[in-house]
Amino acid sequence: MNKIIKNKWVVIVLVLFVGIAIGKFLGGGNSDKVEEVNQLSEVETAQFWTCSMHPQIQQDGPGSCPLCGMDLIPLDNGLSSDEALPDEVPMSDAAMKLAEIQTFITKLESPEKELRLLGKVKADERLQFSQVIHFPGRIEKLHVNFTGEKVRKGQKLATIYSAELVTAQKELFEVLKSLSTSQVLVDAARNKLKQWKFTDEQISGIEKSGKVQTEVDILSDYSGYVMMRMVSEGDHVKEGQTLFQITDLSKVWLLFEAYENDLPWIKLGDALSIEVRSIPGKLLKGSVAYIDPFLNPKTRVAYVRVELPNSKGLLKPDMFATGIVKSKLSVNEDVILVPKSAVLWTGKRSVVYVKMPNRAHNSFLYREVILGEDAGDFYIIVDGLVEGEEIASNGVFKIDAAAQLSGKKSMMNPSGGKSSSGGHAGMDMGEEDGMKDMVMKPNVTVDRTKVPSKFRKQLGEVVDQYLLLKDKLVGDNAAIQDEVKAIQFFLKRVDMNLVMGDAHKVWMTALKSLDKDLRLLSKSVNIGEQRSIFLTLSTALSDVSQLLGVVMKEDRSLYLEYCPMADDNKGGYWLSTEEKIQNPYFGAKMLKCGSVKQVIK
């Protein structure tokens, strides 16, 4: 019996050990399995790769950035979504921050716009008068004899002799002397003088004097300023002839120019704040009194008139003025307004990028819209957006560039599809081609077969020293003085007499530019400044190397390489004997940014 019990315990212990061993084995295997699955999951989720300098660049595998040539890095695949539309442009939070993407939520608003209108002070046309004479005669004396003189109504302007006036006075005296003369004849004689604009006081004075006045005074019919003097002393004048042009400036017009696209915003009665340059610090107030019903066909503007009192004479004709009007567009209901920075305009299409709702990641979708009136910093959207949608309002070009490079709908490619790479954000292919034309298509052509080999070898020695300078900049080393001196030394050894004709002209032009840049480099200690000068040095040296040819030691190849981000995204070239990109404009910061554009033989 005891033996049976002992055997049972032995069996139990054995089973226990076997169970523990199996458990450890299975547990360890499962842990490895889980780790393997996690690693596989990480690999599977790393579907997108991006550029650290251009986060808008994304592709479904490793490779190089088409903009700068840098190696792509994995992108957190929180960006992928099963419900994503084919043309959506995904962007991580980091990419949004680097690209400075900002968004705007659309809402219904009453459009308001502030217009700044330029104009001038003008005389009120209704207060411009002609002072004329109503009988013929000769000017004996001018009492107002210069332009700009201020006159008042009833003021003596001129003294005139008139034979017709003498005759009229004699007729008046004859009828007054005759006792049998009827009152009708007396009134007729007086009315003749009244028709010549004589006042009752003047006629009464003539009658009381009893003498014929050979000279009479011409009195002003208006108050204002003499704008033009039409006669001089001694002139003979005819009935109806203008003596003076008089303008009353107690009230003036301000005529502001409004372009046709501003006219829908301006209405009669709109209030204006007016600044006049000759009256600094003083803000005048006025309102729109009249809007021209037609445009000037040459300037494409219509005049908007404001009328202002000018009792103190501060406003003078042809003074410049600026009118500020805040006006609302005459619409029956509120409209959708979006910032101008949110809209990409091609001339035919207007495009916005809508941030997709209900996504686990940031995602934008191309959408065409129809624009209405220009509302200052905003556009009115006639069609294409509804209230509450979120759109990109800053950095829109970067989203569009990412869409274009990904073969999705974009501003210049509304139907989608892959576009050629190699451009640069902010620089389209046309701009880069233009830069290549500047450097690689000179104005003259030279038959390089006629350029002596000796000259090309001497030029190769200059390039060898240039490459040492380039390597210093690649290594972010500003101590370049020895390399600059070496280039200058070998540059002086190039025999200009070896080349003739156009080749000689090309070399002398390049030599002048190279000398100038090397002198600047010899004095520079700032690496940023050195790189800027190095860019023009490289341009001149690459131009002359392409035109005249260059022979390198050991028959090495010479590469013309290009970085689109150099010189504030204008792009820059340099020469290298290595096909591998080593960027001298950014050094370690962006060492691989660039591409080979040409092999110079």
# chains A, B, ... in the order shown; residues from 1 in each chain; ligands from 1
>>> residues_around(residues="Lys485 of chain A", least_positions_apart="3", cutoff="12 Å", atoms="only C-alpha atoms", output="JSON list (two decimals) with C-alpha atoms, in the first residue's frame")
[["chain", "number", "residue", "atom", "x", "y", "z"],
["A", 462, "VAL", "CA", 41.70, 76.42, -61.43],
["A", 465, "GLN", "CA", 41.55, 74.56, -56.40],
["A", 466, "TYR", "CA", 37.88, 75.55, -56.57],
["A", 468, "LEU", "CA", 39.06, 72.38, -52.36],
["A", 469, "LEU", "CA", 37.15, 75.55, -51.54],
["A", 479, "ALA", "CA", 38.60, 79.15, -42.90],
["A", 480, "ILE", "CA", 38.89, 79.36, -46.68],
["A", 481, "GLN", "CA", 41.59, 82.00, -47.16],
["A", 482, "ASP", "CA", 44.29, 79.55, -48.28],
["A", 488, "GLN", "CA", 43.82, 83.32, -57.47],
["A", 489, "PHE", "CA", 47.33, 81.95, -58.06],
["A", 490, "PHE", "CA", 46.26, 79.39, -60.66],
["A", 491, "LEU", "CA", 43.83, 81.84, -62.24],
["A", 492, "LYS", "CA", 46.74, 84.19, -63.00],
["A", 515, "ASP", "CA", 38.40, 88.11, -59.88],
["A", 518, "LEU", "CA", 37.62, 85.96, -55.19],
["A", 519, "ARG", "CA", 38.46, 89.42, -53.83],
["A", 520, "LEU", "CA", 35.21, 89.40, -51.87],
["A", 521, "LEU", "CA", 35.87, 85.90, -50.56],
["A", 522, "SER", "CA", 39.36, 86.85, -49.43],
["A", 523, "LYS", "CA", 37.86, 89.46, -47.08]]
>>> closest_residue(among="A:Pro584, A:Pro264, A:Gly148, A:Gly572", to="Lys316 of chain A", atoms="only C-alpha atoms")
A:Gly148
>>> residues_around(residues="Val525 of chain A", least_positions_apart="4", cutoff="8 Å", atoms="only C-alpha atoms", output="PDB file with N, CA and C atoms, in the first residue's frame")
ATOM      1  N   ALA A 478      34.658  77.865 -42.324  1.00  0.00           N
ATOM      2  CA  ALA A 478      34.774  79.213 -42.891  1.00  0.00           C
ATOM      3  C   ALA A 478      36.221  79.646 -43.102  1.00  0.00           C
ATOM      4  N   ALA A 479      37.183  78.798 -42.722  1.00  0.00           N
ATOM      5  CA  ALA A 479      38.601  79.150 -42.900  1.00  0.00           C
ATOM      6  C   ALA A 479      39.031  78.795 -44.323  1.00  0.00           C
ATOM      7  N   GLU A 529      27.867  84.530 -45.774  1.00  0.00           N
ATOM      8  CA  GLU A 529      28.288  85.457 -46.825  1.00  0.00           C
ATOM      9  C   GLU A 529      29.176  84.747 -47.843  1.00  0.00           C
ATOM     10  N   GLN A 530      30.048  83.863 -47.353  1.00  0.00           N
ATOM     11  CA  GLN A 530      30.938  83.119 -48.249  1.00  0.00           C
ATOM     12  C   GLN A 530      30.138  82.255 -49.220  1.00  0.00           C
TER      13      GLN A 530
END
>>> residues_around(residues="Pro280 of chain A", least_positions_apart="2", cutoff="12 Å", atoms="only C-alpha atoms", output="list in words")
Ile274, Glu275, Val276, Arg277, Ser278, Lys282, Leu283, Leu284, Leu314, Phe320, Ala321 and Thr322 of chain A
>>> write_last_selection(atoms="C-alpha atoms", output="CSV table (one decimal), in the first residue's frame")
chain,number,residue,atom,x,y,z
A,274,ILE,CA,-11.2,112.3,-45.6
A,275,GLU,CA,-7.5,113.0,-45.2
A,276,VAL,CA,-6.0,116.0,-47.1
A,277,ARG,CA,-2.2,116.0,-47.3
A,278,SER,CA,-1.9,119.7,-46.8
A,282,LYS,CA,-7.3,116.7,-39.4
A,283,LEU,CA,-9.9,114.2,-40.5
A,284,LEU,CA,-12.8,115.6,-42.5
A,314,LEU,CA,-8.4,125.6,-46.3
A,320,PHE,CA,-4.7,115.6,-53.1
A,321,ALA,CA,-7.0,113.8,-50.8
A,322,THR,CA,-7.7,110.2,-49.6
>>> atom_distance(atom1="atom CA of Lys592 of chain A", atom2="atom CA of Leu535 of chain A")
17.2 Å
>>> residues_around(residues="segment 293-298 of chain A", least_positions_apart="5", cutoff="12 Å", atoms="only C-alpha atoms", output="list of chain:residue names")
A:Glu257, A:Ala258, A:Tyr259, A:Glu260, A:Asn261, A:Leu263, A:Tyr303, A:Val304, A:Arg305
>>> atom_distance(atom1="atom CA of Ser311 of chain A", atom2="atom CA of Leu115 of chain A")
28.2 Å
>>> atom_distance(atom1="atom CA of Lys194 of chain A", atom2="atom CA of Gln245 of chain A")
22.4 Å
>>> residues_around(residues="Ala510 of chain A", least_positions_apart="5", cutoff="8 Å", atoms="only C-alpha atoms", output="VMD selection string")
chain A and resid 540 to 541 544
>>> write_last_selection(atoms="C-alpha atoms", output="short mmCIF file (atom, residue, chain, number, x, y, z; two decimals), in the first residue's frame")
data_model
loop_
_atom_site.label_atom_id
_atom_site.label_comp_id
_atom_site.auth_asym_id
_atom_site.auth_seq_id
_atom_site.Cartn_x
_atom_site.Cartn_y
_atom_site.Cartn_z
CA ALA A 540 30.83 82.00 -63.70
CA LEU A 541 33.19 79.01 -63.49
CA VAL A 544 33.11 79.13 -68.84
#
>>> residues_around(residues="Lys120 of chain A", least_positions_apart="5", cutoff="7 Å", atoms="only C-alpha atoms", output="PyMOL selection string")
chain A and resi 254-256+318-321
>>> write_last_selection(atoms="C-alpha atoms", output="compact mmCIF listing (two decimals), in the first residue's frame")
# COMPACT_ATOMS: atom_id res chain seq x y z
CA LEU A 254 -13.79 116.25 -53.76
CA LEU A 255 -13.65 113.93 -56.76
CA PHE A 256 -12.42 110.42 -55.88
CA ASP A 318 -6.15 120.28 -57.03
CA MET A 319 -5.11 119.41 -53.48
CA PHE A 320 -4.69 115.64 -53.09
CA ALA A 321 -7.04 113.81 -50.76
>>> select_by_dssp(residues="segment 113-280 of chain A", states="helix (DSSP H, G or I)", output="PyMOL selection string")
chain A and resi 125-127+163-177+183-195+200-209+263-265
>>> closest_residue(among="A:Leu591, A:Ala403, A:Leu511, A:Ala99", to="Pro86 of chain A", atoms="only C-alpha atoms")
A:Ala403
